[in-house]
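Asks: coords39.cif (mmCIF, C-alpha atoms and all ligand atoms) pasted underneath:
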data_upload
#
loop_
_atom_site.group_PDB
_atom_site.id
_atom_site.type_symbol
_atom_site.label_atom_id
_atom_site.label_comp_id
_atom_site.auth_asym_id
_atom_site.auth_seq_id
_atom_site.Cartn_x
_atom_site.Cartn_y
_atom_site.Cartn_z
ATOM 1 C CA MET A 1 12.573 -104.144 -75.932
ATOM 2 C CA ASP A 2 14.010 -101.313 -73.871
ATOM 3 C CA GLU A 3 11.941 -99.877 -71.077
ATOM 4 C CA PRO A 4 11.303 -96.160 -71.308
ATOM 5 C CA GLY A 5 13.825 -94.280 -69.185
ATOM 6 C CA PRO A 6 13.097 -91.487 -66.746
ATOM 7 C CA ASP A 7 13.633 -88.897 -69.497
ATOM 8 C CA ALA A 8 10.976 -90.502 -71.688
ATOM 9 C CA GLU A 9 8.564 -90.659 -68.743
ATOM 10 C CA LEU A 10 9.234 -86.997 -67.927
ATOM 11 C CA ASP A 11 8.713 -86.066 -71.584
ATOM 12 C CA ALA A 12 5.386 -87.928 -71.613
ATOM 13 C CA LEU A 13 4.274 -86.210 -68.383
ATOM 14 C CA THR A 14 5.322 -82.815 -69.734
ATOM 15 C CA ARG A 15 3.400 -83.373 -72.979
ATOM 16 C CA LYS A 16 0.332 -84.454 -70.979
ATOM 17 C CA ALA A 17 0.533 -81.369 -68.717
ATOM 18 C CA LEU A 18 0.952 -79.065 -71.741
ATOM 19 C CA ARG A 19 -2.094 -80.634 -73.445
ATOM 20 C CA HIS A 20 -4.061 -80.118 -70.220
ATOM 21 C CA LEU A 21 -2.937 -76.482 -70.044
ATOM 22 C CA ASP A 22 -3.910 -75.938 -73.676
ATOM 23 C CA MET A 23 -7.364 -77.450 -73.060
ATOM 24 C CA THR A 24 -7.742 -75.288 -69.942
ATOM 25 C CA ALA A 25 -6.818 -72.136 -71.873
ATOM 26 C CA GLN A 26 -9.345 -73.025 -74.589
ATOM 27 C CA LEU A 27 -12.083 -73.673 -72.005
ATOM 28 C CA LEU A 28 -11.378 -70.380 -70.258
ATOM 29 C CA ALA A 29 -11.417 -68.518 -73.588
ATOM 30 C CA ALA A 30 -14.787 -70.109 -74.401
ATOM 31 C CA GLN A 31 -16.070 -69.114 -70.946
ATOM 32 C CA ARG A 32 -14.991 -65.512 -71.482
ATOM 33 C CA ALA A 33 -16.680 -65.517 -74.898
ATOM 34 C CA GLY A 34 -19.910 -66.650 -73.266
ATOM 35 C CA ALA A 35 -19.931 -69.968 -75.085
ATOM 36 C CA GLY A 36 -19.006 -72.204 -72.176
ATOM 37 C CA PRO A 37 -21.319 -74.379 -70.132
ATOM 38 C CA ALA A 38 -21.296 -72.059 -67.082
ATOM 39 C CA ARG A 39 -22.937 -69.242 -69.107
ATOM 40 C CA ARG A 40 -25.716 -71.346 -70.584
ATOM 41 C CA ALA A 41 -29.077 -71.797 -68.935
ATOM 42 C CA PRO A 42 -28.951 -74.533 -66.305
ATOM 43 C CA GLU A 43 -29.649 -77.941 -67.773
ATOM 44 C CA PRO A 44 -31.932 -80.422 -66.021
ATOM 45 C CA PRO A 45 -30.062 -83.158 -64.187
ATOM 46 C CA PRO A 46 -29.294 -86.161 -66.405
ATOM 47 C CA ALA A 47 -31.392 -89.288 -66.098
ATOM 48 C CA THR A 48 -29.718 -91.835 -63.869
ATOM 49 C CA THR A 49 -30.127 -95.411 -62.718
ATOM 50 C CA MET A 50 -28.595 -94.505 -59.358
ATOM 51 C CA PRO A 51 -30.817 -95.509 -56.443
ATOM 52 C CA ALA A 52 -30.984 -93.242 -53.389
ATOM 53 C CA PRO A 53 -27.864 -93.788 -51.255
ATOM 54 C CA GLU A 54 -27.579 -94.877 -47.660
ATOM 55 C CA PHE A 55 -24.739 -93.608 -45.504
ATOM 56 C CA PRO A 56 -23.574 -96.573 -43.386
ATOM 57 C CA HIS A 57 -20.735 -94.498 -41.922
ATOM 58 C CA ALA A 58 -19.061 -91.145 -42.490
ATOM 59 C CA GLY A 59 -17.365 -90.871 -45.876
ATOM 60 C CA THR A 60 -19.274 -93.716 -47.551
ATOM 61 C CA ALA A 61 -22.382 -93.720 -49.708
ATOM 62 C CA ARG A 62 -23.960 -97.159 -50.235
ATOM 63 C CA TYR A 63 -26.102 -97.935 -53.268
ATOM 64 C CA ARG A 64 -28.178 -101.093 -52.823
ATOM 65 C CA CYS A 65 -29.544 -103.169 -55.680
ATOM 66 C CA PRO A 66 -33.039 -101.818 -56.470
ATOM 67 C CA ARG A 67 -34.237 -105.427 -56.865
ATOM 68 C CA GLY A 68 -33.460 -106.164 -53.224
ATOM 69 C CA CYS A 69 -31.056 -109.084 -53.779
ATOM 70 C CA GLY A 70 -28.706 -107.873 -51.068
ATOM 71 C CA TRP A 71 -25.913 -106.602 -53.340
ATOM 72 C CA TRP A 72 -24.544 -103.111 -52.825
ATOM 73 C CA HIS A 73 -21.851 -100.789 -54.114
ATOM 74 C CA ASP A 74 -19.974 -98.397 -51.833
ATOM 75 C CA GLU A 75 -18.525 -95.081 -53.004
ATOM 76 C CA SER A 76 -16.381 -92.656 -51.067
ATOM 77 C CA THR A 77 -18.129 -89.338 -50.577
ATOM 78 C CA ASP A 78 -14.747 -87.568 -50.518
ATOM 79 C CA PRO A 79 -14.278 -86.078 -54.006
ATOM 80 C CA GLY A 80 -10.511 -85.879 -53.499
ATOM 81 C CA PRO A 81 -8.327 -82.980 -54.509
ATOM 82 C CA ALA A 82 -9.361 -80.750 -57.400
ATOM 83 C CA ALA A 83 -7.396 -81.626 -60.539
ATOM 84 C CA VAL A 84 -7.073 -78.130 -61.928
ATOM 85 C CA ILE A 85 -4.012 -76.783 -63.737
ATOM 86 C CA LEU A 86 -4.404 -73.108 -64.562
ATOM 87 C CA PRO A 87 -2.481 -71.281 -67.260
ATOM 88 C CA ALA A 88 -0.282 -68.337 -66.326
ATOM 89 C CA GLY A 89 -2.309 -65.163 -65.918
ATOM 90 C CA ALA A 90 -5.477 -66.905 -64.784
ATOM 91 C CA THR A 91 -7.849 -64.575 -62.930
ATOM 92 C CA GLY A 92 -9.858 -65.249 -59.794
ATOM 93 C CA ASP A 93 -12.919 -65.811 -61.972
ATOM 94 C CA ASP A 94 -10.928 -68.347 -64.000
ATOM 95 C CA VAL A 95 -10.047 -70.238 -60.824
ATOM 96 C CA GLY A 96 -13.708 -70.302 -59.779
ATOM 97 C CA THR A 97 -14.802 -71.430 -63.225
ATOM 98 C CA MET A 98 -12.232 -74.218 -63.378
ATOM 99 C CA LEU A 99 -13.035 -75.424 -59.849
ATOM 100 C CA SER A 100 -16.730 -75.456 -60.737
ATOM 101 C CA MET A 101 -16.075 -77.389 -63.950
ATOM 102 C CA ASN A 102 -13.810 -79.785 -62.055
ATOM 103 C CA ALA A 103 -16.526 -80.409 -59.455
ATOM 104 C CA HIS A 104 -19.032 -81.039 -62.254
ATOM 105 C CA ALA A 105 -16.655 -83.522 -63.908
ATOM 106 C CA GLN A 106 -16.049 -85.284 -60.580
ATOM 107 C CA GLY A 107 -19.826 -85.550 -60.094
ATOM 108 C CA LEU A 108 -20.263 -87.094 -63.531
ATOM 109 C CA ALA A 109 -17.425 -89.546 -62.865
ATOM 110 C CA TYR A 110 -19.004 -90.511 -59.529
ATOM 111 C CA GLN A 111 -22.350 -91.133 -61.232
ATOM 112 C CA ALA A 112 -20.657 -93.153 -63.990
ATOM 113 C CA ARG A 113 -18.897 -95.361 -61.388
ATOM 114 C CA VAL A 114 -22.146 -96.086 -59.537
ATOM 115 C CA GLU A 115 -24.151 -96.665 -62.726
ATOM 116 C CA GLY A 116 -21.355 -98.863 -64.128
ATOM 117 C CA ALA A 117 -21.239 -100.990 -60.972
ATOM 118 C CA LEU A 118 -25.021 -101.355 -61.054
ATOM 119 C CA ALA A 119 -25.004 -102.260 -64.771
ATOM 120 C CA ARG A 120 -22.281 -104.908 -64.214
ATOM 121 C CA HIS A 121 -24.240 -106.315 -61.270
ATOM 122 C CA TYR A 122 -27.422 -106.515 -63.378
ATOM 123 C CA ALA A 123 -25.509 -108.236 -66.191
ATOM 124 C CA GLU A 124 -24.093 -110.806 -63.763
ATOM 125 C CA ARG A 125 -27.038 -111.469 -61.458
ATOM 126 C CA HIS A 126 -30.330 -110.404 -62.986
HETATM 127 ZN ZN ZN A 201 -29.317 -107.306 -57.455
#
Could you render the structure as structure tokens?
Ligand SMILES: [Zn+2]
Replies:
Amino acid sequence: MDEPGPDAELDALTRKALRHLDMTAQLLAAQRAGAGPARRAPEPPPATTMPAPEFPHAGTARYRCPRGCGWWHDESTDPGPAAVILPAGATGDDVGTMLSMNAHAQGLAYQARVEGALARHYAERH
């Protein structure tokens, strides 16, 4: 079977970026219409199995097994760059909205990584 060439890879990346732009435009339109999550009343934080972190050194949060077996999971506290692609004509408010939504998504991903590591540990050891 032939490997995809650089043109096919570029086409795939372009399609992915266009889908992302389309989703972004839809989210921004929903925000402007008052239907988006930023305009709703604040929701309570989701329930989590995450224990309170320790910070053994700068840039690292450590989550120890709540059962005290000595296991832990480390996560970087650096959220990394914001993954926001804005459509042409985006306003300053749009940028703020998208950065806020991106930060929220990064927070959920962080929580999912910690909870997933803890769930795998429980399945293996407890
Ligand atoms: Zn444990």
Asks: So which residues are close to (-19.6, -87.3, -48.6), meaning at most 8 Å away in the file's coordinates with only C-alpha atoms counted, and can you show them as a VMD selection string?
Replies: chain A and resid 58 to 61 76 to 79
Asks: As a quick test: using only C-alpha atoms and all ligand atoms, which residues lie no more than 12 Å away from ligand ZN 201 (chain A)? Give them as a ChimeraX atom specification.
Replies: /A:51,63-73,117-126
Asks: Which distance in Å separates CA of Pro87 in chain A and CA of Gln106 in chain A, to one decimal?
Replies: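 Separation between CA of Pro87 in chain A and CA of Gln106 in chain A: 20.6 Å.
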Asks: Restricting the calculation to all atoms listed in the file, which member of A:Met101, A:Ala52, A:Val114, A:Ala47 is positioned closest to Asp74 in chain A?
Replies: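 Of the candidates, the smallest distance to Asp74 in chain A is held by A:Val114.
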Asks: So how far away is CA of Ala33 in chain A from CA of Ala103 in chain A, in Å?
Replies: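 Interatomic distance, CA of Ala103 in chain A to CA of Ala33 in chain A: 21.5 Å.
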Asks: Under the rule that only C-alpha atoms are counted, which of A:Asp11, A:Glu75, A:Glu43, A:Asp22 is the nearest residue to Tyr110 in chain A?
Replies: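 Of A:Asp11, A:Glu75, A:Glu43, A:Asp22, the one nearest Tyr110 in chain A, counting only C-alpha atoms, is A:Glu75.
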Asks: Take every atom of range 98-113 of chain A listed in the file, pad by 8 Å on each side, and give me the axis-aligned box centre and edge lengths in Å, one decimal, as lines of an AutoDock Vina configuration file.
Replies:
center_x = -17.3
center_y = -84.8
center_z = -61.7
size_x = 26.1
size_y = 37.1
size_z = 20.5
Asks: Suppose a student applies the PyMOL selection byres (((chain A and resi 90) around 12) and not hetatm) to this structure; what residues should they get, written as a PyMOL selection string?
Replies: chain A and resi 21+24-25+27-29+32+84-89+91-98
Asks: If I take CA of Met50 in chain A and CA of Asn102 in chain A, how far is one from the other in Å, to one decimal?
Replies: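 Interatomic distance, CA of Met50 in chain A to CA of Asn102 in chain A: 21.0 Å.
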Asks: Pull C-alpha atoms for range 16-108 of chain A from the block and write them as a PDB file, in the first residue's frame.
Replies:
ATOM      1  CA  LYS A  16      -8.904  19.558  10.012  1.00  0.00           C
ATOM      2  CA  ALA A  17      -8.134  23.298  10.333  1.00  0.00           C
ATOM      3  CA  LEU A  18     -11.251  24.206   8.310  1.00  0.00           C
ATOM      4  CA  ARG A  19     -13.426  21.974  10.530  1.00  0.00           C
ATOM      5  CA  HIS A  20     -11.903  23.670  13.587  1.00  0.00           C
ATOM      6  CA  LEU A  21     -12.608  27.109  12.106  1.00  0.00           C
ATOM      7  CA  ASP A  22     -16.191  26.112  11.331  1.00  0.00           C
ATOM      8  CA  MET A  23     -16.696  24.850  14.901  1.00  0.00           C
ATOM      9  CA  THR A  24     -15.154  28.067  16.245  1.00  0.00           C
ATOM     10  CA  ALA A  25     -17.473  30.209  14.112  1.00  0.00           C
ATOM     11  CA  GLN A  26     -20.485  28.211  15.332  1.00  0.00           C
ATOM     12  CA  LEU A  27     -19.396  28.557  18.977  1.00  0.00           C
ATOM     13  CA  LEU A  28     -18.892  32.298  18.596  1.00  0.00           C
ATOM     14  CA  ALA A  29     -22.299  32.662  16.917  1.00  0.00           C
ATOM     15  CA  ALA A  30     -23.893  30.756  19.811  1.00  0.00           C
ATOM     16  CA  GLN A  31     -22.052  33.007  22.283  1.00  0.00           C
ATOM     17  CA  ARG A  32     -23.341  36.128  20.543  1.00  0.00           C
ATOM     18  CA  ALA A  33     -26.869  34.688  20.581  1.00  0.00           C
ATOM     19  CA  GLY A  34     -26.593  34.189  24.330  1.00  0.00           C
ATOM     20  CA  ALA A  35     -26.835  30.422  24.076  1.00  0.00           C
ATOM     21  CA  GLY A  36     -23.226  29.579  24.842  1.00  0.00           C
ATOM     22  CA  PRO A  37     -21.811  28.325  28.111  1.00  0.00           C
ATOM     23  CA  ALA A  38     -20.199  31.674  29.044  1.00  0.00           C
ATOM     24  CA  ARG A  39     -23.635  33.379  29.206  1.00  0.00           C
ATOM     25  CA  ARG A  40     -25.305  30.758  31.368  1.00  0.00           C
ATOM     26  CA  ALA A  41     -25.329  30.885  35.136  1.00  0.00           C
ATOM     27  CA  PRO A  42     -22.123  29.443  36.571  1.00  0.00           C
ATOM     28  CA  GLU A  43     -22.355  25.709  37.083  1.00  0.00           C
ATOM     29  CA  PRO A  44     -21.047  24.060  40.247  1.00  0.00           C
ATOM     30  CA  PRO A  45     -17.693  22.361  39.787  1.00  0.00           C
ATOM     31  CA  PRO A  46     -18.018  18.751  38.610  1.00  0.00           C
ATOM     32  CA  ALA A  47     -17.554  15.936  41.088  1.00  0.00           C
ATOM     33  CA  THR A  48     -14.040  14.562  40.944  1.00  0.00           C
ATOM     34  CA  THR A  49     -11.959  11.738  42.348  1.00  0.00           C
ATOM     35  CA  MET A  50      -8.883  13.973  42.287  1.00  0.00           C
ATOM     36  CA  PRO A  51      -7.159  14.144  45.670  1.00  0.00           C
ATOM     37  CA  ALA A  52      -5.612  17.440  46.782  1.00  0.00           C
ATOM     38  CA  PRO A  53      -2.265  17.911  45.004  1.00  0.00           C
ATOM     39  CA  GLU A  54       1.180  18.370  46.459  1.00  0.00           C
ATOM     40  CA  PHE A  55       3.740  20.502  44.662  1.00  0.00           C
ATOM     41  CA  PRO A  56       7.089  18.683  44.988  1.00  0.00           C
ATOM     42  CA  HIS A  57       8.788  21.273  42.772  1.00  0.00           C
ATOM     43  CA  ALA A  58       7.836  24.174  40.525  1.00  0.00           C
ATOM     44  CA  GLY A  59       5.765  23.127  37.520  1.00  0.00           C
ATOM     45  CA  THR A  60       4.605  19.780  38.936  1.00  0.00           C
ATOM     46  CA  ALA A  61       1.450  18.796  40.777  1.00  0.00           C
ATOM     47  CA  ARG A  62       1.592  15.380  42.482  1.00  0.00           C
ATOM     48  CA  TYR A  63      -1.544  13.373  43.205  1.00  0.00           C
ATOM     49  CA  ARG A  64      -0.948  10.586  45.727  1.00  0.00           C
ATOM     50  CA  CYS A  65      -3.104   7.489  46.035  1.00  0.00           C
ATOM     51  CA  PRO A  66      -5.834   8.280  48.600  1.00  0.00           C
ATOM     52  CA  ARG A  67      -5.350   4.775  50.049  1.00  0.00           C
ATOM     53  CA  GLY A  68      -1.777   5.592  51.033  1.00  0.00           C
ATOM     54  CA  CYS A  69      -0.044   2.785  49.101  1.00  0.00           C
ATOM     55  CA  GLY A  70       2.764   5.068  47.987  1.00  0.00           C
ATOM     56  CA  TRP A  71       1.719   5.421  44.332  1.00  0.00           C
ATOM     57  CA  TRP A  72       1.454   8.872  42.799  1.00  0.00           C
ATOM     58  CA  HIS A  73       0.767  10.577  39.494  1.00  0.00           C
ATOM     59  CA  ASP A  74       2.571  13.751  38.436  1.00  0.00           C
ATOM     60  CA  GLU A  75       1.044  16.368  36.137  1.00  0.00           C
ATOM     61  CA  SER A  76       2.678  19.443  34.689  1.00  0.00           C
ATOM     62  CA  THR A  77       1.042  22.612  35.948  1.00  0.00           C
ATOM     63  CA  ASP A  78       1.965  24.379  32.693  1.00  0.00           C
ATOM     64  CA  PRO A  79      -1.200  24.359  30.551  1.00  0.00           C
ATOM     65  CA  GLY A  80       0.846  24.881  27.385  1.00  0.00           C
ATOM     66  CA  PRO A  81      -0.062  27.209  24.563  1.00  0.00           C
ATOM     67  CA  ALA A  82      -3.703  28.049  23.902  1.00  0.00           C
ATOM     68  CA  ALA A  83      -5.023  26.058  20.940  1.00  0.00           C
ATOM     69  CA  VAL A  84      -7.305  28.711  19.522  1.00  0.00           C
ATOM     70  CA  ILE A  85      -7.882  29.328  15.816  1.00  0.00           C
ATOM     71  CA  LEU A  86     -10.099  32.345  15.248  1.00  0.00           C
ATOM     72  CA  PRO A  87     -12.091  33.004  12.100  1.00  0.00           C
ATOM     73  CA  ALA A  88     -11.436  36.153  10.093  1.00  0.00           C
ATOM     74  CA  GLY A  89     -13.211  39.147  11.587  1.00  0.00           C
ATOM     75  CA  ALA A  90     -13.083  37.893  15.161  1.00  0.00           C
ATOM     76  CA  THR A  91     -13.530  40.683  17.711  1.00  0.00           C
ATOM     77  CA  GLY A  92     -11.653  41.253  20.948  1.00  0.00           C
ATOM     78  CA  ASP A  93     -14.595  39.751  22.825  1.00  0.00           C
ATOM     79  CA  ASP A  94     -14.385  36.689  20.570  1.00  0.00           C
ATOM     80  CA  VAL A  95     -10.709  36.267  21.438  1.00  0.00           C
ATOM     81  CA  GLY A  96     -11.502  36.495  25.154  1.00  0.00           C
ATOM     82  CA  THR A  97     -14.366  34.037  24.822  1.00  0.00           C
ATOM     83  CA  MET A  98     -12.281  31.519  22.895  1.00  0.00           C
ATOM     84  CA  LEU A  99      -9.341  31.805  25.308  1.00  0.00           C
ATOM     85  CA  SER A 100     -11.725  31.282  28.222  1.00  0.00           C
ATOM     86  CA  MET A 101     -13.305  28.248  26.555  1.00  0.00           C
ATOM     87  CA  ASN A 102      -9.849  26.899  25.718  1.00  0.00           C
ATOM     88  CA  ALA A 103      -8.746  27.273  29.347  1.00  0.00           C
ATOM     89  CA  HIS A 104     -11.912  25.480  30.474  1.00  0.00           C
ATOM     90  CA  ALA A 105     -11.244  22.631  28.027  1.00  0.00           C
ATOM     91  CA  GLN A 106      -7.619  22.379  29.185  1.00  0.00           C
ATOM     92  CA  GLY A 107      -8.842  22.192  32.796  1.00  0.00           C
ATOM     93  CA  LEU A 108     -11.243  19.382  31.947  1.00  0.00           C
TER      94      LEU A 108
END
